[in-house]
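Okay, so here's the structure we're looking at.
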Amino acid sequence: MDYSKKVMDHFAHPRNVGELPDANAVGQVGNQKCGDIMKMMMKIENDVIVDVKFQTFGCGAAVATSSMATELVKGKTIQEALKLTNKAVMEALDGLPPVKVHCSVLAEEAIRAALIDYYKRQGIDPEPIVGCSGDCVACHHDHGHGEEEE
Ligand code: FES
């Protein structure tokens, strides 16, 4: 299996790993197939993600994609972060082997989950803004999870 230089770099030196004690948006998602878990913590001020950190019990590709994803959303607005797809993250990393595509989905879902949490904390219904988290009971039952791989 070949990993790009960028994937190897983000795996060996992940950016933004750790705790964010003053986070006001925290999301955690898991992948049912591999059992890996991803936690995303953000500090949001005036709709801008001023800081972000992640922690994962995930594989190397999950580490690399979340590392890149945090770099891509840091300093961006919530609206911009919501547009970030796992595909864009993979492109920024010069690609991932097909069997590892689902790992990049974890990072995207964790970002959405954190933003859902952000709105919930303020008593705002997140669904019209963030949409489906991709990690709810309905998703697992209706169209499975991890089938975003194409
Ligand atoms: Fe589970 Fe990569 S194998 S996130």
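Chains: A, B, ... in order of the structure tokens. Residues: from 1 per chain. Ligands: from 1, in order shown.
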
| request: Residues within 7 Å of ligand 1, counting only C-alpha atoms and all ligand atoms: report them as a PyMOL selection string. | output: chain A and resi 31+34-36+58-62+100+102-103+106

| query | Do you know which residues are at most 7 Å from range 73-78 of chain A counting only C-alpha atoms, after dropping those on the same chain fewer than 5 positions away, and could you put them as a VMD selection string? | reply | chain A and resid 47 to 52

Pull N, CA, C and O atoms from the residues just selected and write them as a PDB file, in the first residue's frame.
ATOM      1  N   ASP A  47     -18.262  32.978  15.073  1.00  0.00           N
ATOM      2  CA  ASP A  47     -18.400  32.099  13.901  1.00  0.00           C
ATOM      3  C   ASP A  47     -17.076  31.696  13.263  1.00  0.00           C
ATOM      4  O   ASP A  47     -17.069  31.087  12.193  1.00  0.00           O
ATOM      5  N   VAL A  48     -15.969  32.025  13.903  1.00  0.00           N
ATOM      6  CA  VAL A  48     -14.663  31.643  13.359  1.00  0.00           C
ATOM      7  C   VAL A  48     -14.024  30.594  14.270  1.00  0.00           C
ATOM      8  O   VAL A  48     -14.044  30.725  15.497  1.00  0.00           O
ATOM      9  N   ILE A  49     -13.485  29.552  13.649  1.00  0.00           N
ATOM     10  CA  ILE A  49     -12.808  28.495  14.404  1.00  0.00           C
ATOM     11  C   ILE A  49     -11.395  28.994  14.718  1.00  0.00           C
ATOM     12  O   ILE A  49     -10.494  28.898  13.892  1.00  0.00           O
ATOM     13  N   VAL A  50     -11.231  29.550  15.925  1.00  0.00           N
ATOM     14  CA  VAL A  50      -9.939  30.166  16.250  1.00  0.00           C
ATOM     15  C   VAL A  50      -8.918  29.120  16.681  1.00  0.00           C
ATOM     16  O   VAL A  50      -7.722  29.327  16.543  1.00  0.00           O
ATOM     17  N   ASP A  51      -9.396  27.985  17.196  1.00  0.00           N
ATOM     18  CA  ASP A  51      -8.454  26.922  17.541  1.00  0.00           C
ATOM     19  C   ASP A  51      -9.146  25.567  17.412  1.00  0.00           C
ATOM     20  O   ASP A  51     -10.359  25.466  17.544  1.00  0.00           O
ATOM     21  N   VAL A  52      -8.363  24.548  17.134  1.00  0.00           N
ATOM     22  CA  VAL A  52      -8.920  23.202  16.961  1.00  0.00           C
ATOM     23  C   VAL A  52      -7.863  22.174  17.336  1.00  0.00           C
ATOM     24  O   VAL A  52      -6.678  22.359  17.070  1.00  0.00           O
TER      25      VAL A  52
END

### Query
In terms of the shortest atom-to-atom distance over only C-alpha atoms, which of A:Lys87, A:Arg112, A:Lys120, A:Lys5 is closest to Met40 in chain A?
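When distances to Met40 in chain A are compared using only C-alpha atoms, the smallest one comes from A:Arg112.
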
Polymer residues at most 10 Å from range 8-13 of chain A, only C-alpha atoms, same-chain spacing of 2 or more positions, as a PyMOL selection string: chain A and resi 2-6+15-17+59-68+93

Output file for the selection above: N, CA, C and O atoms, as an mmCIF file, in the first residue's frame:
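Writing done, so here's part05.cif:
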data_model
loop_
_atom_site.group_PDB
_atom_site.id
_atom_site.type_symbol
_atom_site.label_atom_id
_atom_site.label_comp_id
_atom_site.auth_asym_id
_atom_site.auth_seq_id
_atom_site.Cartn_x
_atom_site.Cartn_y
_atom_site.Cartn_z
ATOM 1 N N ASP A 2 0.622 2.143 -0.919
ATOM 2 C CA ASP A 2 1.473 3.330 -1.012
ATOM 3 C C ASP A 2 0.799 4.545 -0.393
ATOM 4 O O ASP A 2 -0.329 4.867 -0.737
ATOM 5 N N TYR A 3 1.532 5.201 0.461
ATOM 6 C CA TYR A 3 1.051 6.454 1.015
ATOM 7 C C TYR A 3 1.869 7.598 0.452
ATOM 8 O O TYR A 3 3.080 7.470 0.271
ATOM 9 N N SER A 4 1.205 8.705 0.192
ATOM 10 C CA SER A 4 1.915 9.874 -0.327
ATOM 11 C C SER A 4 2.854 10.426 0.740
ATOM 12 O O SER A 4 2.701 10.143 1.932
ATOM 13 N N LYS A 5 3.787 11.245 0.299
ATOM 14 C CA LYS A 5 4.715 11.878 1.246
ATOM 15 C C LYS A 5 3.956 12.729 2.260
ATOM 16 O O LYS A 5 4.299 12.778 3.435
ATOM 17 N N LYS A 6 2.913 13.399 1.793
ATOM 18 C CA LYS A 6 2.152 14.276 2.692
ATOM 19 C C LYS A 6 1.440 13.457 3.769
ATOM 20 O O LYS A 6 1.366 13.869 4.922
ATOM 21 N N ARG A 15 -0.521 17.530 13.140
ATOM 22 C CA ARG A 15 -0.754 18.896 13.622
ATOM 23 C C ARG A 15 -1.994 18.911 14.505
ATOM 24 O O ARG A 15 -2.954 18.191 14.247
ATOM 25 N N ASN A 16 -1.962 19.763 15.512
ATOM 26 C CA ASN A 16 -3.148 20.004 16.350
ATOM 27 C C ASN A 16 -3.664 18.771 17.092
ATOM 28 O O ASN A 16 -4.864 18.578 17.222
ATOM 29 N N VAL A 17 -2.750 17.950 17.566
ATOM 30 C CA VAL A 17 -3.176 16.822 18.403
ATOM 31 C C VAL A 17 -3.194 17.274 19.852
ATOM 32 O O VAL A 17 -2.342 18.042 20.265
ATOM 33 N N CYS A 59 -6.394 4.683 12.983
ATOM 34 C CA CYS A 59 -5.236 4.207 12.236
ATOM 35 C C CYS A 59 -4.402 5.393 11.739
ATOM 36 O O CYS A 59 -4.777 6.546 11.894
ATOM 37 N N GLY A 60 -3.311 5.097 11.097
ATOM 38 C CA GLY A 60 -2.422 6.135 10.585
ATOM 39 C C GLY A 60 -3.106 7.062 9.602
ATOM 40 O O GLY A 60 -2.886 8.277 9.617
ATOM 41 N N ALA A 61 -3.961 6.513 8.753
ATOM 42 C CA ALA A 61 -4.660 7.345 7.777
ATOM 43 C C ALA A 61 -5.649 8.273 8.483
ATOM 44 O O ALA A 61 -5.864 9.411 8.057
ATOM 45 N N ALA A 62 -6.228 7.797 9.578
ATOM 46 C CA ALA A 62 -7.145 8.643 10.349
ATOM 47 C C ALA A 62 -6.374 9.783 10.997
ATOM 48 O O ALA A 62 -6.840 10.927 11.041
ATOM 49 N N VAL A 63 -5.196 9.487 11.494
ATOM 50 C CA VAL A 63 -4.349 10.530 12.096
ATOM 51 C C VAL A 63 -3.983 11.572 11.038
ATOM 52 O O VAL A 63 -4.148 12.778 11.239
ATOM 53 N N ALA A 64 -3.529 11.100 9.884
ATOM 54 C CA ALA A 64 -3.088 12.019 8.827
ATOM 55 C C ALA A 64 -4.240 12.870 8.307
ATOM 56 O O ALA A 64 -4.090 14.078 8.115
ATOM 57 N N THR A 65 -5.411 12.256 8.105
ATOM 58 C CA THR A 65 -6.521 13.035 7.548
ATOM 59 C C THR A 65 -7.061 14.028 8.569
ATOM 60 O O THR A 65 -7.423 15.139 8.210
ATOM 61 N N SER A 66 -7.104 13.641 9.855
ATOM 62 C CA SER A 66 -7.610 14.630 10.824
ATOM 63 C C SER A 66 -6.610 15.745 11.005
ATOM 64 O O SER A 66 -6.993 16.894 11.188
ATOM 65 N N SER A 67 -5.333 15.406 10.956
ATOM 66 C CA SER A 67 -4.310 16.437 11.048
ATOM 67 C C SER A 67 -4.495 17.461 9.930
ATOM 68 O O SER A 67 -4.546 18.669 10.173
ATOM 69 N N MET A 68 -4.643 16.986 8.719
ATOM 70 C CA MET A 68 -4.846 17.884 7.578
ATOM 71 C C MET A 68 -6.178 18.628 7.707
ATOM 72 O O MET A 68 -6.261 19.824 7.442
ATOM 73 N N LEU A 93 -3.913 15.881 0.718
ATOM 74 C CA LEU A 93 -2.869 14.930 1.126
ATOM 75 C C LEU A 93 -2.300 14.146 -0.065
ATOM 76 O O LEU A 93 -1.571 13.176 0.125
#

Min atom-atom distance to Met90 in chain A from the set A:Met42, A:Ala110, A:Val130, A:Ala69, counting only C-alpha atoms, belongs to A:Ala69

Strand (DSSP E or B) positions in range 20-58 of chain A, given as a PyMOL selection string
chain A and resi 25-30+37-45+48-57

At a cut-off of 10 Å, using only C-alpha atoms, what residues contact Pro21 in chain A? Leave out same-chain residues fewer than 6 positions from it and give the result as number ranges by chain. A: 41-43, 53

Would you save the residues of that selection, restricted to N, CA and C atoms, as a tab-separated table (two decimals), in the first residue's frame?
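Result written to out.tsv:
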chain	number	residue	atom	x	y	z
A	41	MET	N	-12.15	18.89	18.92
A	41	MET	CA	-12.45	19.98	19.86
A	41	MET	C	-12.16	21.31	19.18
A	42	MET	N	-13.08	22.26	19.32
A	42	MET	CA	-12.88	23.56	18.67
A	42	MET	C	-13.20	24.69	19.61
A	43	LYS	N	-12.50	25.79	19.40
A	43	LYS	CA	-12.84	27.02	20.08
A	43	LYS	C	-13.35	27.98	19.00
A	53	LYS	N	-8.32	21.13	18.02
A	53	LYS	CA	-7.43	20.03	18.37
A	53	LYS	C	-8.19	18.71	18.18
